[in-house]
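Only one structure is covered here, and it is reproduced in the block below.
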Amino acid sequence: ESDFGMASTAHTTEARNGVESVKQGSKRRRKKGREGKKEAVEDERKHGNGKKRAVDGVVAAGSNWERLKQEIGARGKKRKRTDRSEEKEEKAKPPPAKLPRPLSGDFSDTHIVALDCEMVGVGEGGVRSALARVSIVNYYGNVLLDTFVKVIEKVTDYRTQYSGVRPSDLREAPTFHEVQKQVAKILEGKTVVGHALKNDFQVLLLKHPRSMTRDTARFKPLCVKRRDGSRGRPRPLRHLAKEYLGFLIQGGEHSSVDDARATLYLYHKFRQSWEKEMLVMSRKRKRRK
């Protein structure tokens, strides 16, 4: 009995020790778990939420790389959106206007010149036209004369949206008679190119031989074509310049320099056929006489 009692007591003691050991092990695991959680919280505070929790007691590697990939992805998406918006803005912008430029640096007084005038309105309602600016360029498109003109009568309509002329442009401008003399001297004995030259000579109060004018508003290949083959009505200069030269002129306020150059370069393009036609017409007039 005593041996049995001793054995029983020893067994009980071992059981208790086992239970205590289990309890202590459980406490240690809980403590480690709490410490692990604290470490994880601290790690999150330091490195953010990108780091993964421990899986099966092992912390997943590469959490910083995951966070970096997310940042790069976000930046990449943002860049794409920005690029698309920039592309839309670029598409929305109109192309830069292509204006006629001089062909060389030659400013000589050539035998062929181009003329264009800008007018303002005078009289009641600004219906009548008066000279406000005149431009003459040589055969290479370089300016021989470009000046505003002081209008004799009171200006009732500056027509700025088309003429580009403003009151300030005319205050210190030379008088009409001064400009008229300059123009007459330059044009004397020269072939003059222009568009609807009749109107320009009318406001200048000048005359010029018809055989020495090349008018893009009267040259048959540049006019509207009729079914019977005869010359139709004149086409706007801006349409001719765009179709045959690729120039964008008269989009808003007109420039008499740009317009003169446009007519001149149209003459360059058709010069051979134009001069041939003028020669035929000249011979016909001689025969009639």
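Following the order of the structure tokens, chains are lettered A, B, ..., residues in each are numbered from 1, and ligands are numbered from 1.
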Exercise for the section: Please identify all polymer residues within 7 Å of His254 (chain A), counting only C-alpha atoms, omitting same-chain residues fewer than 4 positions from it, and present them as a list of chain:residue names. Expected result: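 Residues meeting the cut-off are A:Tyr162, A:Ser163, A:Gly164, A:Gln250.
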Handout entry: Distance criterion (only C-alpha atoms): nearest to Tyr158 (chain A) out of A:Ser135, A:Ser129, A:Asn142, A:Thr263
Key =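 The answer is A:Ser129, which sits nearest to Tyr158 (chain A).
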Problem - Who sits within 12 Å of region 241-249 of chain A, only C-alpha atoms, same chain under 6 positions skipped, as a ChimeraX atom specification - result: /A:94-101,162,195,216,221-222,235,255-270
Practice task
Rank A:Val179, A:Ala130, A:Leu204, A:Leu103 by their smallest atom-to-atom distance to Thr147 (chain A), using only C-alpha atoms, and report the top residue only.
Solution key: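 Comparing A:Val179, A:Ala130, A:Leu204, A:Leu103 against Thr147 (chain A), the winner is A:Val179.
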Excluding Arg128 (chain A) and its own-chain neighbours fewer than 3 positions away, which residues fall within 10 Å of it when counting only C-alpha atoms? Please give them as a compact mmCIF listing (two decimals) with C-alpha atoms, in the first residue's frame.
# COMPACT_ATOMS: atom_id res chain seq x y z
CA MET A 119 -9.00 100.77 -97.33
CA VAL A 120 -11.15 102.38 -94.65
CA GLY A 121 -14.72 103.64 -94.93
CA VAL A 122 -15.57 107.34 -95.31
CA GLY A 123 -18.81 109.25 -95.69
CA GLU A 124 -22.19 108.26 -94.30
CA GLY A 125 -22.13 104.65 -93.13
CA VAL A 155 -13.02 108.08 -91.33
CA THR A 156 -16.42 106.68 -90.36
CA ASP A 157 -15.49 102.98 -90.45
CA VAL A 203 -8.21 104.63 -104.35
Practice task
List every residue of region 55-269 of chain A that DSSP, applied to the backbone of this structure, places in alpha helix (DSSP H), and write the result as a PyMOL selection string.
Solution key: chain A and resi 63-92+160-163+167-171+176-187+197-204+237-240+256-269
Practice task
Could you please determine the separation between CA of His111 (chain A) and CA of Leu187 (chain A) in Å, to one decimal place?
Solution key: 8.9 Å
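Here CA of Lys181 (chain A) and CA of Ser282 (chain A) stand 29.4 Å from one another.
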Problem - Among listed residues A:Gln161, A:Ser108, A:Leu206, A:Asp146, nearest Gly251 (chain A) (using only C-alpha atoms) - result: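 Of A:Gln161, A:Ser108, A:Leu206, A:Asp146, the one nearest Gly251 (chain A), counting only C-alpha atoms, is A:Gln161.
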Handout entry: Pick from A:Ala132, A:Val143, A:Phe201, A:Glu188 nearest to Gly105 (chain A), counting only C-alpha atoms
Key = A:Val143
